[in-house]
Amino acid sequence: MRNLLTYLLFILLYNTSFGQIAEVRRITKSLCSPEFQGRGYVNGGDSIAAQFIAEEYKKIGVRSLKRSYFQYFSFGVNTFPRKMEMKIDEKELIPGIHFLIDPSSKSCETILKPKLISAKIALNQERLIAEIKEIINKTSAYNSVVFNFGNLSVDSLKLLASIKYEVAEFVPVIEVVNKKFMWSVGRDQLKNPIIQVQDSIFKDNKEWKVDIESVFIEKHTSQNVIAYLPSKTKKAKTIVFTAHYDHLGRMGLSTYFPGGNDNASGTAMLLSMAKYFKENPSNCNLLFIAFAGEEAGLVGSEYFVNHPTMKLKKMDFLINLDIMGSGEEGITVVNATNFETEFARLQKINDDNQLLTQIKKRGPTKNSDHYWFTTKGVPAFFIYTQGPNKNYHDVFDTYENLSFVEYNDITTLLVKFVEGFDKH
Ligand SMILES: [Zn+2]
């Protein structure tokens with residue numbers, strides 16, 4: 001009986017203190033839903049997400065730092081709003097599963113008859129140029145090339161990585177891949193398309209019917225979404241939580257990338273930190289920034305550090321959350337080696353409270369929005385979770401594939417870490 005009571009009390013405390021898991025699930029699910037269009041640049045996906053975040057800030061009761069929650073900025077981006085069709089032998093291929101369009105590709109409505117180019121030819125500049133010349137001069141039966149490099153060493157593949165972009169300046173390229181697809185955002189447009197196809201569906205000497213439409217937007221306007229929760233304590237330190245809310249958006253009419261782990265999960269965690277600290281006031285000032293344009297090359301955070309709405313010098317520490325949906329194998333902290341004292345404190349909180357299985361240490365890297373702050377001297381950690389969910393930048397990074405197993409532990413860790421700042 002006593003045990004049962006202790007257990008019930010534990011569950012109750014656990015759920016009321018940091019137990020906003022249902023909220024986090026609701027927010028993540030919304031951000032991943034088709035209405036949010038993969039939070040990219042087709043059908044206003046990023047702005048729909050920004051509006052949603054602003055409404056959540058309002059519901060929580062955190063105020064805007066300036067006149068509104070939004071900080072606007074513009075950049076060029078290549079998009080695929082409509083047609084995304086490809087056929088081989090009259091068999092319709094599924095975008096995102098059988099084939100993937102390079103994010104910088106140009107529109108293409110044609111029948112491709114590609115010449116197979118091996119790694120050996122691709123690495124021999126003279127022979128490669130001769131092949132391309134034949135295609136351009138129409139002295140060949142082909143109108144494009146297909147690269148099938150098979151199982152090459154990582155070094156050779158690196159050597160070959162840029163060749164497709166050089167060739168795509170002249171002719172369309174099909175690239176056969178035998179690994180998982182990984183999409184990204186294109187900031188420019190090539191003169192021709194590059195289409196990746198899975199090894200399993202590839203057949204040589206075939207005609208590929210392609211109908212792909214891309215639109216380059218020279219000036220796409222997006223927005224960071226910023227909220228502030230000041231402390232009642234005078235001379236309080238300022239801690240900043242950041243997470244990018246954008247993802248890759250749509251690849252044609254039927255395919256979008258939900259970006260569950262990357263980074264609906266981190267956005268939801270940022271909002272749940274705002275909610276927690278609104279209900280449990282901290283002795284620190286807290287700034288929350290949901291960044292746009294991360295997947296397009298850390299564009300939103302770069303804009304922010306160059307047009308800060310709060311002096312960067314005022315920021316005592318920044319915690320960037322990106323890929324927060326798992327944690328079975330612990331978390332990794334980027335910039336840990338730059339801030340040994342803070343990292344030791346994080347470790348101690350973890351050990352004392354028996355939270356995560358491990359906290360891995362990593363040096364500085366340019367792999368998320370903390371990066372620009374680091375270059376400007378703002379102390380920052382970038383935290384990401386690790387676990388069996390390896391879906392990354394593909395159509396399988398869904399809400400359903402997120403475990404959130406360590407969500408409560410990470411929240412506890414972050415709350416205690418922030419609370420420690422007024423004592424240090
Ligand atoms: Zn990300």
# chains A, B, ... in the order shown; residues from 1 in each chain; ligands from 1
$ residues_around --residues "Ala22 in chain A" --least-positions-apart "6" --cutoff "12 Å" --atoms "only C-alpha atoms" --output "ChimeraX atom specification"
/A:15-16,28-29,268-269,272,404,407-408
$ write_last_selection --atoms "all heavy atoms" --output "mmCIF file, in the first residue's frame"
data_model
loop_
_atom_site.group_PDB
_atom_site.id
_atom_site.type_symbol
_atom_site.label_atom_id
_atom_site.label_comp_id
_atom_site.auth_asym_id
_atom_site.auth_seq_id
_atom_site.Cartn_x
_atom_site.Cartn_y
_atom_site.Cartn_z
ATOM 1 N N ASN A 15 4.247 14.489 -13.194
ATOM 2 C CA ASN A 15 3.412 15.043 -14.253
ATOM 3 C C ASN A 15 3.120 16.521 -14.074
ATOM 4 O O ASN A 15 2.962 17.235 -15.040
ATOM 5 C CB ASN A 15 2.095 14.273 -14.350
ATOM 6 C CG ASN A 15 2.316 12.950 -15.065
ATOM 7 O OD1 ASN A 15 3.200 12.845 -15.901
ATOM 8 N ND2 ASN A 15 1.544 11.960 -14.708
ATOM 9 N N THR A 16 3.046 16.968 -12.847
ATOM 10 C CA THR A 16 2.717 18.371 -12.679
ATOM 11 C C THR A 16 3.959 19.244 -12.786
ATOM 12 O O THR A 16 3.872 20.374 -13.227
ATOM 13 C CB THR A 16 2.030 18.646 -11.318
ATOM 14 O OG1 THR A 16 2.807 18.005 -10.325
ATOM 15 C CG2 THR A 16 0.605 18.154 -11.296
ATOM 16 N N THR A 28 4.122 19.025 -31.457
ATOM 17 C CA THR A 28 4.938 18.351 -32.484
ATOM 18 C C THR A 28 4.048 17.798 -33.591
ATOM 19 O O THR A 28 4.350 17.944 -34.778
ATOM 20 C CB THR A 28 5.770 17.211 -31.856
ATOM 21 O OG1 THR A 28 6.442 17.717 -30.717
ATOM 22 C CG2 THR A 28 6.791 16.676 -32.831
ATOM 23 N N LYS A 29 2.941 17.182 -33.183
ATOM 24 C CA LYS A 29 2.019 16.593 -34.159
ATOM 25 C C LYS A 29 1.462 17.666 -35.098
ATOM 26 O O LYS A 29 1.391 17.470 -36.308
ATOM 27 C CB LYS A 29 0.879 15.883 -33.409
ATOM 28 C CG LYS A 29 0.143 14.883 -34.245
ATOM 29 C CD LYS A 29 -0.868 14.122 -33.411
ATOM 30 C CE LYS A 29 -1.651 13.181 -34.295
ATOM 31 N NZ LYS A 29 -2.682 12.454 -33.541
ATOM 32 N N ALA A 268 8.851 22.273 -29.985
ATOM 33 C CA ALA A 268 7.896 21.922 -28.925
ATOM 34 C C ALA A 268 8.564 22.017 -27.557
ATOM 35 O O ALA A 268 7.955 22.490 -26.589
ATOM 36 C CB ALA A 268 7.362 20.514 -29.159
ATOM 37 N N MET A 269 9.820 21.613 -27.476
ATOM 38 C CA MET A 269 10.519 21.681 -26.190
ATOM 39 C C MET A 269 10.756 23.143 -25.784
ATOM 40 O O MET A 269 10.621 23.485 -24.612
ATOM 41 C CB MET A 269 11.826 20.907 -26.244
ATOM 42 C CG MET A 269 12.454 20.784 -24.874
ATOM 43 S SD MET A 269 13.767 19.570 -24.810
ATOM 44 C CE MET A 269 12.877 18.109 -24.335
ATOM 45 N N SER A 272 7.596 24.356 -24.424
ATOM 46 C CA SER A 272 7.273 23.794 -23.122
ATOM 47 C C SER A 272 8.176 24.388 -22.034
ATOM 48 O O SER A 272 7.767 24.491 -20.872
ATOM 49 C CB SER A 272 7.291 22.267 -23.139
ATOM 50 O OG SER A 272 8.550 21.778 -22.833
ATOM 51 N N PHE A 404 10.224 10.262 -27.763
ATOM 52 C CA PHE A 404 10.184 11.211 -26.649
ATOM 53 C C PHE A 404 10.483 10.544 -25.301
ATOM 54 O O PHE A 404 10.085 11.045 -24.265
ATOM 55 C CB PHE A 404 8.815 11.909 -26.556
ATOM 56 C CG PHE A 404 8.617 13.004 -27.574
ATOM 57 C CD1 PHE A 404 7.568 12.950 -28.479
ATOM 58 C CD2 PHE A 404 9.469 14.092 -27.624
ATOM 59 C CE1 PHE A 404 7.377 13.968 -29.410
ATOM 60 C CE2 PHE A 404 9.278 15.105 -28.561
ATOM 61 C CZ PHE A 404 8.232 15.043 -29.446
ATOM 62 N N TYR A 407 12.156 12.775 -22.793
ATOM 63 C CA TYR A 407 11.669 14.145 -22.758
ATOM 64 C C TYR A 407 11.654 14.724 -21.335
ATOM 65 O O TYR A 407 12.163 15.814 -21.085
ATOM 66 C CB TYR A 407 10.273 14.255 -23.388
ATOM 67 C CG TYR A 407 9.698 15.595 -23.121
ATOM 68 C CD1 TYR A 407 10.125 16.690 -23.848
ATOM 69 C CD2 TYR A 407 8.820 15.790 -22.057
ATOM 70 C CE1 TYR A 407 9.674 17.947 -23.552
ATOM 71 C CE2 TYR A 407 8.374 17.054 -21.749
ATOM 72 C CZ TYR A 407 8.793 18.124 -22.498
ATOM 73 O OH TYR A 407 8.362 19.370 -22.184
ATOM 74 N N ASN A 408 11.079 13.980 -20.395
ATOM 75 C CA ASN A 408 10.978 14.489 -19.018
ATOM 76 C C ASN A 408 12.351 14.686 -18.386
ATOM 77 O O ASN A 408 12.588 15.667 -17.685
ATOM 78 C CB ASN A 408 10.125 13.555 -18.161
ATOM 79 C CG ASN A 408 8.642 13.755 -18.423
ATOM 80 O OD1 ASN A 408 8.182 14.886 -18.529
ATOM 81 N ND2 ASN A 408 7.910 12.670 -18.577
#
$ residues_near_ligand --ligand "ligand 1" --cutoff "8 Å" --atoms "only C-alpha atoms and all ligand atoms" --output "tab-separated table (two decimals) with N, CA and C atoms, in the first residue's frame"
chain	number	residue	atom	x	y	z
A	244	HIS	N	15.16	25.88	-34.16
A	244	HIS	CA	14.62	26.27	-35.46
A	244	HIS	C	13.32	25.52	-35.71
A	247	HIS	N	11.56	23.57	-41.74
A	247	HIS	CA	12.14	22.32	-42.23
A	247	HIS	C	12.26	22.41	-43.75
A	261	ASN	N	11.64	15.01	-35.88
A	261	ASN	CA	12.79	15.14	-34.98
A	261	ASN	C	13.50	16.47	-35.24
A	262	ASP	N	13.56	16.82	-36.53
A	262	ASP	CA	14.31	17.99	-37.00
A	262	ASP	C	13.36	19.02	-37.59
A	263	ASN	N	12.79	19.98	-36.91
A	263	ASN	CA	13.00	20.18	-35.51
A	263	ASN	C	11.67	20.60	-34.86
A	294	GLU	N	16.79	27.78	-40.97
A	294	GLU	CA	17.97	27.02	-40.54
A	294	GLU	C	18.42	26.06	-41.63
A	295	GLU	N	17.44	25.34	-42.20
A	295	GLU	CA	17.76	24.32	-43.21
A	295	GLU	C	18.28	24.94	-44.50
A	322	ASP	N	17.86	21.14	-30.97
A	322	ASP	CA	17.62	20.70	-32.35
A	322	ASP	C	17.74	19.18	-32.37
A	323	ILE	N	16.65	18.50	-32.73
A	323	ILE	CA	16.56	17.03	-32.73
A	323	ILE	C	16.43	16.54	-31.29
A	368	SER	N	24.21	23.94	-36.39
A	368	SER	CA	22.88	24.45	-36.06
A	368	SER	C	23.00	25.93	-35.65
$ atom_distance --atom1 "CA of Leu355 in chain A" --atom2 "CA of Glu406 in chain A"
8.2 Å
$ residues_around --residues "range 95-106 of chain A" --least-positions-apart "4" --cutoff "10 Å" --atoms "only C-alpha atoms" --output "ChimeraX atom specification"
/A:77-80,84-86,165,168,172-177,180-202,212-216,248,251-257,394-396
$ residues_around --residues "Phe149 in chain A" --least-positions-apart "5" --cutoff "12 Å" --atoms "only C-alpha atoms" --output "ChimeraX atom specification"
/A:116-123,154,156-161,163-164,174-178,199
$ select_by_dssp --residues "range 123-160 of chain A" --states "strand (DSSP E or B)" --output "list in words"
Ser144, Val145, Val146 and Phe147 of chain A
$ closest_residue --among "A:Thr110, A:Ser74, A:Thr267, A:Asn353" --to "Glu23 in chain A" --atoms "only C-alpha atoms"
A:Thr267
$ select_by_dssp --residues "range 35-208 of chain A" --states "helix (DSSP H, G or I)" --output "PyMOL selection string"
chain A and resi 35-39+45-60+119-122+125-136+154-160+163-167+199-201
$ residues_around --residues "Phe73 in chain A" --least-positions-apart "2" --cutoff "7 Å" --atoms "only C-alpha atoms" --output "list of chain:residue names"
A:Gln71, A:Thr221, A:Ser222, A:Gln223
$ decode --residues "range 208-238 of chain A" --atoms "N, CA, C and O atoms" --output "PDB file, in the first residue's frame"
ATOM      1  N   TRP A 208      13.535   7.524 -69.278  1.00  0.00           N
ATOM      2  CA  TRP A 208      12.915   8.019 -68.052  1.00  0.00           C
ATOM      3  C   TRP A 208      12.017   9.193 -68.415  1.00  0.00           C
ATOM      4  O   TRP A 208      12.512  10.199 -68.928  1.00  0.00           O
ATOM      5  N   LYS A 209      10.745   9.035 -68.146  1.00  0.00           N
ATOM      6  CA  LYS A 209       9.828  10.143 -68.417  1.00  0.00           C
ATOM      7  C   LYS A 209       9.800  11.053 -67.184  1.00  0.00           C
ATOM      8  O   LYS A 209       9.445  10.607 -66.084  1.00  0.00           O
ATOM      9  N   VAL A 210      10.202  12.288 -67.396  1.00  0.00           N
ATOM     10  CA  VAL A 210      10.348  13.198 -66.263  1.00  0.00           C
ATOM     11  C   VAL A 210       9.476  14.439 -66.439  1.00  0.00           C
ATOM     12  O   VAL A 210       9.470  15.043 -67.512  1.00  0.00           O
ATOM     13  N   ASP A 211       8.720  14.785 -65.414  1.00  0.00           N
ATOM     14  CA  ASP A 211       7.959  16.034 -65.418  1.00  0.00           C
ATOM     15  C   ASP A 211       8.068  16.670 -64.027  1.00  0.00           C
ATOM     16  O   ASP A 211       7.342  16.308 -63.095  1.00  0.00           O
ATOM     17  N   ILE A 212       9.020  17.578 -63.926  1.00  0.00           N
ATOM     18  CA  ILE A 212       9.332  18.197 -62.638  1.00  0.00           C
ATOM     19  C   ILE A 212       9.308  19.709 -62.800  1.00  0.00           C
ATOM     20  O   ILE A 212       9.861  20.245 -63.753  1.00  0.00           O
ATOM     21  N   GLU A 213       8.640  20.370 -61.856  1.00  0.00           N
ATOM     22  CA  GLU A 213       8.516  21.817 -61.955  1.00  0.00           C
ATOM     23  C   GLU A 213       9.194  22.466 -60.751  1.00  0.00           C
ATOM     24  O   GLU A 213       8.862  22.151 -59.609  1.00  0.00           O
ATOM     25  N   SER A 214      10.131  23.344 -61.035  1.00  0.00           N
ATOM     26  CA  SER A 214      10.734  24.075 -59.915  1.00  0.00           C
ATOM     27  C   SER A 214      10.565  25.571 -60.122  1.00  0.00           C
ATOM     28  O   SER A 214      10.512  26.054 -61.246  1.00  0.00           O
ATOM     29  N   VAL A 215      10.460  26.280 -59.016  1.00  0.00           N
ATOM     30  CA  VAL A 215      10.290  27.738 -59.067  1.00  0.00           C
ATOM     31  C   VAL A 215      11.325  28.353 -58.136  1.00  0.00           C
ATOM     32  O   VAL A 215      11.376  28.024 -56.947  1.00  0.00           O
ATOM     33  N   PHE A 216      12.142  29.218 -58.692  1.00  0.00           N
ATOM     34  CA  PHE A 216      13.115  29.907 -57.845  1.00  0.00           C
ATOM     35  C   PHE A 216      12.503  31.206 -57.335  1.00  0.00           C
ATOM     36  O   PHE A 216      12.045  32.032 -58.117  1.00  0.00           O
ATOM     37  N   ILE A 217      12.465  31.351 -56.005  1.00  0.00           N
ATOM     38  CA  ILE A 217      11.924  32.584 -55.410  1.00  0.00           C
ATOM     39  C   ILE A 217      13.111  33.449 -55.000  1.00  0.00           C
ATOM     40  O   ILE A 217      13.892  33.068 -54.125  1.00  0.00           O
ATOM     41  N   GLU A 218      13.239  34.593 -55.660  1.00  0.00           N
ATOM     42  CA  GLU A 218      14.409  35.423 -55.384  1.00  0.00           C
ATOM     43  C   GLU A 218      14.383  36.054 -54.016  1.00  0.00           C
ATOM     44  O   GLU A 218      15.412  36.200 -53.372  1.00  0.00           O
ATOM     45  N   LYS A 219      13.171  36.426 -53.579  1.00  0.00           N
ATOM     46  CA  LYS A 219      13.079  37.104 -52.295  1.00  0.00           C
ATOM     47  C   LYS A 219      11.929  36.493 -51.506  1.00  0.00           C
ATOM     48  O   LYS A 219      10.799  36.941 -51.605  1.00  0.00           O
ATOM     49  N   HIS A 220      12.239  35.444 -50.784  1.00  0.00           N
ATOM     50  CA  HIS A 220      11.226  34.832 -49.929  1.00  0.00           C
ATOM     51  C   HIS A 220      11.343  35.457 -48.542  1.00  0.00           C
ATOM     52  O   HIS A 220      12.430  35.518 -47.969  1.00  0.00           O
ATOM     53  N   THR A 221      10.215  35.920 -48.003  1.00  0.00           N
ATOM     54  CA  THR A 221      10.252  36.525 -46.668  1.00  0.00           C
ATOM     55  C   THR A 221       9.828  35.506 -45.623  1.00  0.00           C
ATOM     56  O   THR A 221       8.785  34.868 -45.749  1.00  0.00           O
ATOM     57  N   SER A 222      10.664  35.347 -44.607  1.00  0.00           N
ATOM     58  CA  SER A 222      10.345  34.454 -43.502  1.00  0.00           C
ATOM     59  C   SER A 222      10.516  35.220 -42.189  1.00  0.00           C
ATOM     60  O   SER A 222      10.788  36.419 -42.217  1.00  0.00           O
ATOM     61  N   GLN A 223      10.362  34.539 -41.065  1.00  0.00           N
ATOM     62  CA  GLN A 223      10.425  35.263 -39.796  1.00  0.00           C
ATOM     63  C   GLN A 223      10.863  34.398 -38.629  1.00  0.00           C
ATOM     64  O   GLN A 223      10.444  33.255 -38.506  1.00  0.00           O
ATOM     65  N   ASN A 224      11.740  35.000 -37.790  1.00  0.00           N
ATOM     66  CA  ASN A 224      12.042  34.406 -36.490  1.00  0.00           C
ATOM     67  C   ASN A 224      10.902  34.772 -35.561  1.00  0.00           C
ATOM     68  O   ASN A 224      10.269  35.824 -35.732  1.00  0.00           O
ATOM     69  N   VAL A 225      10.616  33.918 -34.581  1.00  0.00           N
ATOM     70  CA  VAL A 225       9.503  34.189 -33.660  1.00  0.00           C
ATOM     71  C   VAL A 225      10.077  34.249 -32.231  1.00  0.00           C
ATOM     72  O   VAL A 225      10.560  33.242 -31.714  1.00  0.00           O
ATOM     73  N   ILE A 226      10.011  35.457 -31.647  1.00  0.00           N
ATOM     74  CA  ILE A 226      10.773  35.739 -30.429  1.00  0.00           C
ATOM     75  C   ILE A 226       9.865  36.149 -29.264  1.00  0.00           C
ATOM     76  O   ILE A 226       8.980  36.991 -29.429  1.00  0.00           O
ATOM     77  N   ALA A 227      10.082  35.542 -28.106  1.00  0.00           N
ATOM     78  CA  ALA A 227       9.302  35.921 -26.919  1.00  0.00           C
ATOM     79  C   ALA A 227      10.226  36.106 -25.721  1.00  0.00           C
ATOM     80  O   ALA A 227      11.334  35.575 -25.681  1.00  0.00           O
ATOM     81  N   TYR A 228       9.728  36.857 -24.735  1.00  0.00           N
ATOM     82  CA  TYR A 228      10.563  37.222 -23.589  1.00  0.00           C
ATOM     83  C   TYR A 228       9.804  37.015 -22.286  1.00  0.00           C
ATOM     84  O   TYR A 228       8.607  37.296 -22.182  1.00  0.00           O
ATOM     85  N   LEU A 229      10.511  36.502 -21.312  1.00  0.00           N
ATOM     86  CA  LEU A 229       9.934  36.297 -19.987  1.00  0.00           C
ATOM     87  C   LEU A 229      10.911  36.881 -18.962  1.00  0.00           C
ATOM     88  O   LEU A 229      11.873  36.217 -18.558  1.00  0.00           O
ATOM     89  N   PRO A 230      10.701  38.164 -18.583  1.00  0.00           N
ATOM     90  CA  PRO A 230      11.666  38.792 -17.678  1.00  0.00           C
ATOM     91  C   PRO A 230      11.532  38.274 -16.247  1.00  0.00           C
ATOM     92  O   PRO A 230      10.440  37.905 -15.816  1.00  0.00           O
ATOM     93  N   SER A 231      12.658  38.286 -15.545  1.00  0.00           N
ATOM     94  CA  SER A 231      12.648  37.862 -14.141  1.00  0.00           C
ATOM     95  C   SER A 231      12.227  39.040 -13.274  1.00  0.00           C
ATOM     96  O   SER A 231      12.399  40.201 -13.672  1.00  0.00           O
ATOM     97  N   LYS A 232      11.712  38.755 -12.084  1.00  0.00           N
ATOM     98  CA  LYS A 232      11.353  39.838 -11.151  1.00  0.00           C
ATOM     99  C   LYS A 232      12.597  40.293 -10.399  1.00  0.00           C
ATOM    100  O   LYS A 232      12.614  41.355  -9.795  1.00  0.00           O
ATOM    101  N   THR A 233      13.623  39.446 -10.432  1.00  0.00           N
ATOM    102  CA  THR A 233      14.868  39.761  -9.728  1.00  0.00           C
ATOM    103  C   THR A 233      15.639  40.831 -10.490  1.00  0.00           C
ATOM    104  O   THR A 233      15.761  40.760 -11.710  1.00  0.00           O
ATOM    105  N   LYS A 234      16.182  41.790  -9.732  1.00  0.00           N
ATOM    106  CA  LYS A 234      17.003  42.812 -10.378  1.00  0.00           C
ATOM    107  C   LYS A 234      18.364  42.206 -10.704  1.00  0.00           C
ATOM    108  O   LYS A 234      18.836  41.305 -10.010  1.00  0.00           O
ATOM    109  N   LYS A 235      19.015  42.709 -11.724  1.00  0.00           N
ATOM    110  CA  LYS A 235      20.329  42.243 -12.171  1.00  0.00           C
ATOM    111  C   LYS A 235      20.322  40.746 -12.469  1.00  0.00           C
ATOM    112  O   LYS A 235      21.295  40.048 -12.229  1.00  0.00           O
ATOM    113  N   ALA A 236      19.194  40.257 -12.931  1.00  0.00           N
ATOM    114  CA  ALA A 236      19.097  38.826 -13.250  1.00  0.00           C
ATOM    115  C   ALA A 236      19.921  38.509 -14.489  1.00  0.00           C
ATOM    116  O   ALA A 236      20.102  39.353 -15.361  1.00  0.00           O
ATOM    117  N   LYS A 237      20.428  37.289 -14.531  1.00  0.00           N
ATOM    118  CA  LYS A 237      21.132  36.842 -15.737  1.00  0.00           C
ATOM    119  C   LYS A 237      20.109  36.521 -16.825  1.00  0.00           C
ATOM    120  O   LYS A 237      18.943  36.284 -16.528  1.00  0.00           O
ATOM    121  N   THR A 238      20.582  36.505 -18.056  1.00  0.00           N
ATOM    122  CA  THR A 238      19.673  36.210 -19.174  1.00  0.00           C
ATOM    123  C   THR A 238      20.076  34.913 -19.863  1.00  0.00           C
ATOM    124  O   THR A 238      21.208  34.771 -20.323  1.00  0.00           O
TER     125      THR A 238
END
